[in-house]
Structures are given as structure tokens and as C-alpha cells.
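Below is one structure; the comments refer to it alone.
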Amino acid sequence: MKKFDAKNSRRFYGHGIPHIKPSQLIGKLIVVEGADGSGRSTQIARLVDWLETGGHPTVQVGLKRSTLVSEELEMAQNGNVLSRTTLALFYATDFADQLENMIIPALKAGFIVLADRYIYTLMARDMVRGMDEKWLKNLYGIAPEPDAVFYLSVEPNELVQRNLSKTATLDYWESGMDLGLSRDLFDSFLKYQQHMGEAFRKLQKTYRFEIVDANRSTESVTKELRKKIGELLEEK
């Protein structure tokens, strides 16, 4: 887990944002990553309740929450016709808008920002679709390094069961159906999630985020996340 202290100021992954000094971002940025069905959203909701009960003001961000392009992105995805580059740039725009209008202001104000996925999911998706990793790193060079990143790892077979029990179907994009991995949605989902897991493991070597075994019970994962975040907040 990446740790920061008074002597170790926040950094951007690349070129950053003009006129924004990392030292101004005094809040905490905590990211929870994971596929649909990993328990990510449940853990975020529990963390919000726990943090705010403890007196820590929080702000939540996540994919497709930008007021600028979220509706257009949703409509485009429903058509299942986006090219890999268009999809990548749509999500990058969504992220950049939230960064400028939500994440940066909240960090400046000293809030805890809880991100329900961050640039790692976006990069992993694009890498699986054959996008150049160097290009992606430059694209997301505007992103500030989080204080902690937790990737909730769940086996593909378990993800299938969780998604089917929740929605009785599998998502087109989360199944990688645009990649032609298989004509069968179920089989494509398994193959795509396997590729995504491999991409995350590759990114983990570069970005050094923490992998959390989320095949366990919800309570066990919650307990682990609270312990590690509590230690982070106690640092001076």
C-alpha cells in the first residue's frame, strides 16, 4: 500500500494538471478496484458510513459519473458499436471532468475521496483491447497518485455466479463481447475476466497497489479494508 507522510508530498503519475501543485492536495485519495461482482460497491458504501461516522468528510467518485459525458457514454455503450479508441477517450474524458470538478477540489479541502474504480480499470480494459500501454500512461498522466489502492480479486467463476444472482444476466462490455473471444456470452465473460486479471497483475507491478482476496465473506473484506485505512489515517 502506498503511504504518504508530511515529508512525502503527493505526486502526479505524469505531467499532472497545469497550475495545480500536488502539495495543495491535502486530503486522502482511496481507491477500491475490482470487477462487477467483486463486492466493490458494497465495500465503498460501508467505508463511507464508517468514515463519516468517525468524523471524516468524504466524497465519492467513480466511472461514468461525469456531468459532461456520462449520459452520452451510456447511450453509446448501449449501441455496442464503440471502437476501442473512442471507448478509451470517452472514459478518459469522464475521468478528467471528475478530476477537475470533484477530486481536485475535494482533496484541496482536505476531504477523503473514495473512488469506486480509478485509472487502473480504464487502463486494464484498454490494454486487453490492444491499446498501447505507453500511450495510456501518458493519457492518464494527469492523475494524482492515491494514498491507497485496493484491488478486490475474485475468481472469474465466482464473478459469474455473483453477477447472475444479482442481475440474472451478464454485461456486454464486462464480458468482452466486442473482442470476439467467443460467441457465447458466458464463455466470453470467463475469458475476458481472465484477461482483465492478467492486466491488473501487470499494472500492479508498476503501480504497486494492494491485492485483496475478495473470494471471502463481505465481513472479512470489510474488516481488512477498515484496518488498513485506519492505519493510513493515523499517520502524521
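Ordering of the C-alpha cells sets the chain letters (A, B, ...); residue numbers start at 1 within each chain; ligands are numbered from 1 in the order shown.
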What parts of segment 6-214 of chain A does DSSP call strand (DSSP E or B)? I'd like the answer as an MDAnalysis selection string. chainID A and resid 8 12 28:34 58:62 112:116 144 148:153 210:213
Now that the selection is made, can you save its residues with N, CA and C atoms as a PDB file, in the first residue's frame?
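As a result, result09.pdb now contains:
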ATOM      1  N   ASN A   8       6.667  13.426   2.477  1.00  0.00           N
ATOM      2  CA  ASN A   8       6.489  12.776   1.179  1.00  0.00           C
ATOM      3  C   ASN A   8       5.218  13.295   0.533  1.00  0.00           C
ATOM      4  N   PHE A  12       1.815  13.458  -9.052  1.00  0.00           N
ATOM      5  CA  PHE A  12       1.016  13.036 -10.193  1.00  0.00           C
ATOM      6  C   PHE A  12       1.755  11.904 -10.889  1.00  0.00           C
ATOM      7  N   LYS A  28      -7.154  12.846   1.423  1.00  0.00           N
ATOM      8  CA  LYS A  28      -6.736  11.480   1.137  1.00  0.00           C
ATOM      9  C   LYS A  28      -7.537  10.934  -0.046  1.00  0.00           C
ATOM     10  N   LEU A  29      -6.848  10.249  -0.930  1.00  0.00           N
ATOM     11  CA  LEU A  29      -7.488   9.614  -2.079  1.00  0.00           C
ATOM     12  C   LEU A  29      -7.348   8.104  -1.929  1.00  0.00           C
ATOM     13  N   ILE A  30      -8.480   7.435  -1.750  1.00  0.00           N
ATOM     14  CA  ILE A  30      -8.502   5.988  -1.532  1.00  0.00           C
ATOM     15  C   ILE A  30      -9.313   5.339  -2.652  1.00  0.00           C
ATOM     16  N   VAL A  31      -8.722   4.356  -3.294  1.00  0.00           N
ATOM     17  CA  VAL A  31      -9.333   3.715  -4.456  1.00  0.00           C
ATOM     18  C   VAL A  31      -9.672   2.261  -4.153  1.00  0.00           C
ATOM     19  N   VAL A  32     -10.871   1.843  -4.545  1.00  0.00           N
ATOM     20  CA  VAL A  32     -11.258   0.435  -4.477  1.00  0.00           C
ATOM     21  C   VAL A  32     -11.530  -0.031  -5.903  1.00  0.00           C
ATOM     22  N   GLU A  33     -10.720  -0.973  -6.366  1.00  0.00           N
ATOM     23  CA  GLU A  33     -10.831  -1.513  -7.722  1.00  0.00           C
ATOM     24  C   GLU A  33     -11.430  -2.920  -7.676  1.00  0.00           C
ATOM     25  N   GLY A  34     -11.902  -3.370  -8.818  1.00  0.00           N
ATOM     26  CA  GLY A  34     -12.435  -4.725  -8.895  1.00  0.00           C
ATOM     27  C   GLY A  34     -13.511  -4.827  -9.960  1.00  0.00           C
ATOM     28  N   THR A  58     -16.380  12.810   3.399  1.00  0.00           N
ATOM     29  CA  THR A  58     -15.994  12.031   2.223  1.00  0.00           C
ATOM     30  C   THR A  58     -16.717  12.512   0.964  1.00  0.00           C
ATOM     31  N   VAL A  59     -16.075  12.244  -0.150  1.00  0.00           N
ATOM     32  CA  VAL A  59     -16.651  12.495  -1.469  1.00  0.00           C
ATOM     33  C   VAL A  59     -16.456  11.226  -2.278  1.00  0.00           C
ATOM     34  N   GLN A  60     -17.493  10.824  -3.012  1.00  0.00           N
ATOM     35  CA  GLN A  60     -17.400   9.613  -3.819  1.00  0.00           C
ATOM     36  C   GLN A  60     -17.309   9.949  -5.308  1.00  0.00           C
ATOM     37  N   VAL A  61     -16.454   9.228  -6.008  1.00  0.00           N
ATOM     38  CA  VAL A  61     -16.367   9.350  -7.462  1.00  0.00           C
ATOM     39  C   VAL A  61     -16.312   7.940  -8.038  1.00  0.00           C
ATOM     40  N   GLY A  62     -16.511   7.829  -9.336  1.00  0.00           N
ATOM     41  CA  GLY A  62     -16.479   6.515  -9.969  1.00  0.00           C
ATOM     42  C   GLY A  62     -16.640   6.650 -11.464  1.00  0.00           C
ATOM     43  N   ILE A 112     -11.725  13.171   2.330  1.00  0.00           N
ATOM     44  CA  ILE A 112     -11.330  11.848   1.866  1.00  0.00           C
ATOM     45  C   ILE A 112     -12.131  11.571   0.598  1.00  0.00           C
ATOM     46  N   VAL A 113     -11.443  11.292  -0.486  1.00  0.00           N
ATOM     47  CA  VAL A 113     -12.096  10.945  -1.745  1.00  0.00           C
ATOM     48  C   VAL A 113     -12.050   9.433  -1.900  1.00  0.00           C
ATOM     49  N   LEU A 114     -13.227   8.819  -1.985  1.00  0.00           N
ATOM     50  CA  LEU A 114     -13.334   7.380  -2.205  1.00  0.00           C
ATOM     51  C   LEU A 114     -13.691   7.141  -3.668  1.00  0.00           C
ATOM     52  N   ALA A 115     -12.785   6.500  -4.386  1.00  0.00           N
ATOM     53  CA  ALA A 115     -13.001   6.256  -5.806  1.00  0.00           C
ATOM     54  C   ALA A 115     -13.435   4.815  -6.043  1.00  0.00           C
ATOM     55  N   ASP A 116     -14.625   4.679  -6.591  1.00  0.00           N
ATOM     56  CA  ASP A 116     -15.156   3.366  -6.973  1.00  0.00           C
ATOM     57  C   ASP A 116     -14.596   3.059  -8.363  1.00  0.00           C
ATOM     58  N   PRO A 144      -3.520  12.132 -10.026  1.00  0.00           N
ATOM     59  CA  PRO A 144      -2.702  12.127  -8.816  1.00  0.00           C
ATOM     60  C   PRO A 144      -2.588  10.716  -8.254  1.00  0.00           C
ATOM     61  N   ALA A 148      -3.939   5.108  -1.162  1.00  0.00           N
ATOM     62  CA  ALA A 148      -4.087   3.656  -1.043  1.00  0.00           C
ATOM     63  C   ALA A 148      -4.982   3.154  -2.172  1.00  0.00           C
ATOM     64  N   VAL A 149      -4.631   2.000  -2.712  1.00  0.00           N
ATOM     65  CA  VAL A 149      -5.426   1.363  -3.762  1.00  0.00           C
ATOM     66  C   VAL A 149      -5.609  -0.102  -3.391  1.00  0.00           C
ATOM     67  N   PHE A 150      -6.857  -0.544  -3.364  1.00  0.00           N
ATOM     68  CA  PHE A 150      -7.173  -1.932  -3.032  1.00  0.00           C
ATOM     69  C   PHE A 150      -7.891  -2.574  -4.212  1.00  0.00           C
ATOM     70  N   TYR A 151      -7.293  -3.609  -4.779  1.00  0.00           N
ATOM     71  CA  TYR A 151      -7.915  -4.340  -5.877  1.00  0.00           C
ATOM     72  C   TYR A 151      -8.562  -5.602  -5.318  1.00  0.00           C
ATOM     73  N   LEU A 152      -9.899  -5.650  -5.396  1.00  0.00           N
ATOM     74  CA  LEU A 152     -10.646  -6.798  -4.888  1.00  0.00           C
ATOM     75  C   LEU A 152     -10.621  -7.904  -5.934  1.00  0.00           C
ATOM     76  N   SER A 153      -9.832  -8.915  -5.671  1.00  0.00           N
ATOM     77  CA  SER A 153      -9.635 -10.002  -6.619  1.00  0.00           C
ATOM     78  C   SER A 153     -10.615 -11.147  -6.363  1.00  0.00           C
ATOM     79  N   GLU A 210      -2.491  -2.723  -3.728  1.00  0.00           N
ATOM     80  CA  GLU A 210      -2.644  -3.907  -2.890  1.00  0.00           C
ATOM     81  C   GLU A 210      -3.763  -4.803  -3.412  1.00  0.00           C
ATOM     82  N   ILE A 211      -3.483  -6.086  -3.534  1.00  0.00           N
ATOM     83  CA  ILE A 211      -4.477  -7.057  -3.976  1.00  0.00           C
ATOM     84  C   ILE A 211      -5.129  -7.693  -2.758  1.00  0.00           C
ATOM     85  N   VAL A 212      -6.453  -7.602  -2.707  1.00  0.00           N
ATOM     86  CA  VAL A 212      -7.222  -8.129  -1.581  1.00  0.00           C
ATOM     87  C   VAL A 212      -8.044  -9.326  -2.063  1.00  0.00           C
ATOM     88  N   ASP A 213      -7.944 -10.418  -1.364  1.00  0.00           N
ATOM     89  CA  ASP A 213      -8.719 -11.617  -1.699  1.00  0.00           C
ATOM     90  C   ASP A 213     -10.184 -11.363  -1.352  1.00  0.00           C
TER      91      ASP A 213
END
All residues 9 Å or closer to Ile17 of chain A, only C-alpha atoms, same chain fewer than 3 positions away omitted, as an MDAnalysis selection string: chainID A and resid 12 20:21 100 141:143
Include N, CA and C atoms and write out the residues we just selected as a PDB file, in the first residue's frame.
ATOM      1  N   PHE A  12       1.815  13.458  -9.052  1.00  0.00           N
ATOM      2  CA  PHE A  12       1.016  13.036 -10.193  1.00  0.00           C
ATOM      3  C   PHE A  12       1.755  11.904 -10.889  1.00  0.00           C
ATOM      4  N   ILE A  20      -1.852  23.302 -10.785  1.00  0.00           N
ATOM      5  CA  ILE A  20      -2.206  22.551  -9.576  1.00  0.00           C
ATOM      6  C   ILE A  20      -0.932  21.972  -8.958  1.00  0.00           C
ATOM      7  N   LYS A  21      -0.624  22.414  -7.753  1.00  0.00           N
ATOM      8  CA  LYS A  21       0.543  21.895  -7.062  1.00  0.00           C
ATOM      9  C   LYS A  21       0.126  20.687  -6.215  1.00  0.00           C
ATOM     10  N   GLU A 100     -11.142  17.284 -12.394  1.00  0.00           N
ATOM     11  CA  GLU A 100     -11.111  18.741 -12.296  1.00  0.00           C
ATOM     12  C   GLU A 100     -12.199  19.289 -11.379  1.00  0.00           C
ATOM     13  N   GLY A 141      -1.550  10.689 -17.294  1.00  0.00           N
ATOM     14  CA  GLY A 141      -0.519  11.394 -16.536  1.00  0.00           C
ATOM     15  C   GLY A 141      -1.068  12.540 -15.711  1.00  0.00           C
ATOM     16  N   ILE A 142      -2.340  12.878 -15.932  1.00  0.00           N
ATOM     17  CA  ILE A 142      -2.996  13.933 -15.147  1.00  0.00           C
ATOM     18  C   ILE A 142      -3.439  13.433 -13.780  1.00  0.00           C
ATOM     19  N   ALA A 143      -3.414  12.123 -13.587  1.00  0.00           N
ATOM     20  CA  ALA A 143      -3.978  11.530 -12.359  1.00  0.00           C
ATOM     21  C   ALA A 143      -3.028  11.667 -11.170  1.00  0.00           C
TER      22      ALA A 143
END
Would you compute the distance between atom CA of Tyr120 of chain A and atom CA of Gln98 of chain A? Give it in Å to one decimal.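 Computed distance, atom CA of Tyr120 of chain A to atom CA of Gln98 of chain A, equals 15.5 Å.
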So which bits of segment 1-146 of chain A end up alpha helix (DSSP H) when you DSSP the backbone, as a ChimeraX atom specification? /A:40-53,70-78,84-98,104-108,119-128,133-139
Requested write-out: C-alpha atoms of the selected residues, as a PDB file, in the first residue's frame:
ATOM      1  CA  ARG A  40     -16.594  -3.194  -4.732  1.00  0.00           C
ATOM      2  CA  SER A  41     -19.695  -1.002  -4.455  1.00  0.00           C
ATOM      3  CA  THR A  42     -20.775  -2.694  -1.227  1.00  0.00           C
ATOM      4  CA  GLN A  43     -17.379  -2.063   0.336  1.00  0.00           C
ATOM      5  CA  ILE A  44     -17.404   1.578  -0.791  1.00  0.00           C
ATOM      6  CA  ALA A  45     -20.815   2.118   0.837  1.00  0.00           C
ATOM      7  CA  ARG A  46     -19.613   0.517   4.075  1.00  0.00           C
ATOM      8  CA  LEU A  47     -16.458   2.618   4.070  1.00  0.00           C
ATOM      9  CA  VAL A  48     -18.453   5.821   3.587  1.00  0.00           C
ATOM     10  CA  ASP A  49     -20.663   5.028   6.575  1.00  0.00           C
ATOM     11  CA  TRP A  50     -17.656   4.075   8.709  1.00  0.00           C
ATOM     12  CA  LEU A  51     -15.587   7.134   7.767  1.00  0.00           C
ATOM     13  CA  GLU A  52     -18.377   9.667   8.136  1.00  0.00           C
ATOM     14  CA  THR A  53     -19.440   8.171  11.458  1.00  0.00           C
ATOM     15  CA  SER A  70     -21.729  10.173 -18.633  1.00  0.00           C
ATOM     16  CA  GLU A  71     -25.127  10.126 -20.372  1.00  0.00           C
ATOM     17  CA  GLU A  72     -23.553  10.169 -23.840  1.00  0.00           C
ATOM     18  CA  LEU A  73     -21.163   7.362 -22.866  1.00  0.00           C
ATOM     19  CA  GLU A  74     -24.023   5.250 -21.542  1.00  0.00           C
ATOM     20  CA  MET A  75     -26.013   5.767 -24.747  1.00  0.00           C
ATOM     21  CA  ALA A  76     -23.017   4.929 -26.927  1.00  0.00           C
ATOM     22  CA  GLN A  77     -22.286   1.753 -24.981  1.00  0.00           C
ATOM     23  CA  ASN A  78     -25.899   0.632 -25.266  1.00  0.00           C
ATOM     24  CA  ARG A  84     -11.586   0.750 -28.798  1.00  0.00           C
ATOM     25  CA  THR A  85     -10.076   4.231 -29.246  1.00  0.00           C
ATOM     26  CA  THR A  86     -13.428   6.006 -28.948  1.00  0.00           C
ATOM     27  CA  LEU A  87     -14.249   3.966 -25.846  1.00  0.00           C
ATOM     28  CA  ALA A  88     -10.877   4.828 -24.290  1.00  0.00           C
ATOM     29  CA  LEU A  89     -11.222   8.544 -24.972  1.00  0.00           C
ATOM     30  CA  PHE A  90     -14.823   8.619 -23.725  1.00  0.00           C
ATOM     31  CA  TYR A  91     -13.752   7.173 -20.382  1.00  0.00           C
ATOM     32  CA  ALA A  92     -10.673   9.415 -20.227  1.00  0.00           C
ATOM     33  CA  THR A  93     -12.918  12.456 -20.692  1.00  0.00           C
ATOM     34  CA  ASP A  94     -15.253  11.201 -17.976  1.00  0.00           C
ATOM     35  CA  PHE A  95     -12.280  10.803 -15.626  1.00  0.00           C
ATOM     36  CA  ALA A  96     -10.738  14.191 -16.479  1.00  0.00           C
ATOM     37  CA  ASP A  97     -14.017  16.017 -15.841  1.00  0.00           C
ATOM     38  CA  GLN A  98     -14.455  14.388 -12.430  1.00  0.00           C
ATOM     39  CA  ILE A 104      -9.106  18.071  -7.007  1.00  0.00           C
ATOM     40  CA  PRO A 105     -11.485  20.435  -5.135  1.00  0.00           C
ATOM     41  CA  ALA A 106     -12.239  17.765  -2.511  1.00  0.00           C
ATOM     42  CA  LEU A 107      -8.558  16.977  -1.937  1.00  0.00           C
ATOM     43  CA  LYS A 108      -7.773  20.689  -1.662  1.00  0.00           C
ATOM     44  CA  ILE A 119      -7.426   4.820 -13.889  1.00  0.00           C
ATOM     45  CA  TYR A 120      -6.314   1.214 -13.358  1.00  0.00           C
ATOM     46  CA  THR A 121      -9.605  -0.265 -14.545  1.00  0.00           C
ATOM     47  CA  LEU A 122      -9.573   2.054 -17.536  1.00  0.00           C
ATOM     48  CA  MET A 123      -6.009   1.124 -18.426  1.00  0.00           C
ATOM     49  CA  ALA A 124      -6.629  -2.612 -17.926  1.00  0.00           C
ATOM     50  CA  ARG A 125      -9.685  -2.524 -20.183  1.00  0.00           C
ATOM     51  CA  ASP A 126      -7.762  -0.679 -22.882  1.00  0.00           C
ATOM     52  CA  MET A 127      -4.724  -2.962 -22.603  1.00  0.00           C
ATOM     53  CA  VAL A 128      -6.934  -6.016 -23.062  1.00  0.00           C
ATOM     54  CA  GLU A 133       0.452   0.956 -22.626  1.00  0.00           C
ATOM     55  CA  LYS A 134       2.853   3.891 -23.090  1.00  0.00           C
ATOM     56  CA  TRP A 135       0.078   5.925 -24.712  1.00  0.00           C
ATOM     57  CA  LEU A 136      -2.257   5.098 -21.836  1.00  0.00           C
ATOM     58  CA  LYS A 137       0.296   6.131 -19.207  1.00  0.00           C
ATOM     59  CA  ASN A 138       0.659   9.483 -20.945  1.00  0.00           C
ATOM     60  CA  LEU A 139      -3.126   9.864 -21.269  1.00  0.00           C
TER      61      LEU A 139
END
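Comparing the minimum interatomic distances between His195 of chain A and each of A:Ala35, A:Leu68, A:Arg226, A:Tyr207, counting only C-alpha atoms, we find that A:Ala35 sits nearest.
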Calculate how many Å separate atom CA of Gly27 of chain A from atom CA of Thr218 of chain A, rounding to one decimal. 27.1 Å
Determine, counting only C-alpha atoms, which protein, DNA and RNA residues have an atom within 6 Å of an atom of segment 190-194 of chain A; residues of the same chain fewer than 3 positions away are not included. Present the result as a ChimeraX atom specification. /A:156,175-176,187,197
Pick out the residues sitting within 7 Å of segment 158-171 of chain A, and hand them over as an NGL selection string; count only C-alpha atoms, and ignore anything fewer than 4 positions along from it in its own chain. :A and (37-38 or 154 or 175)
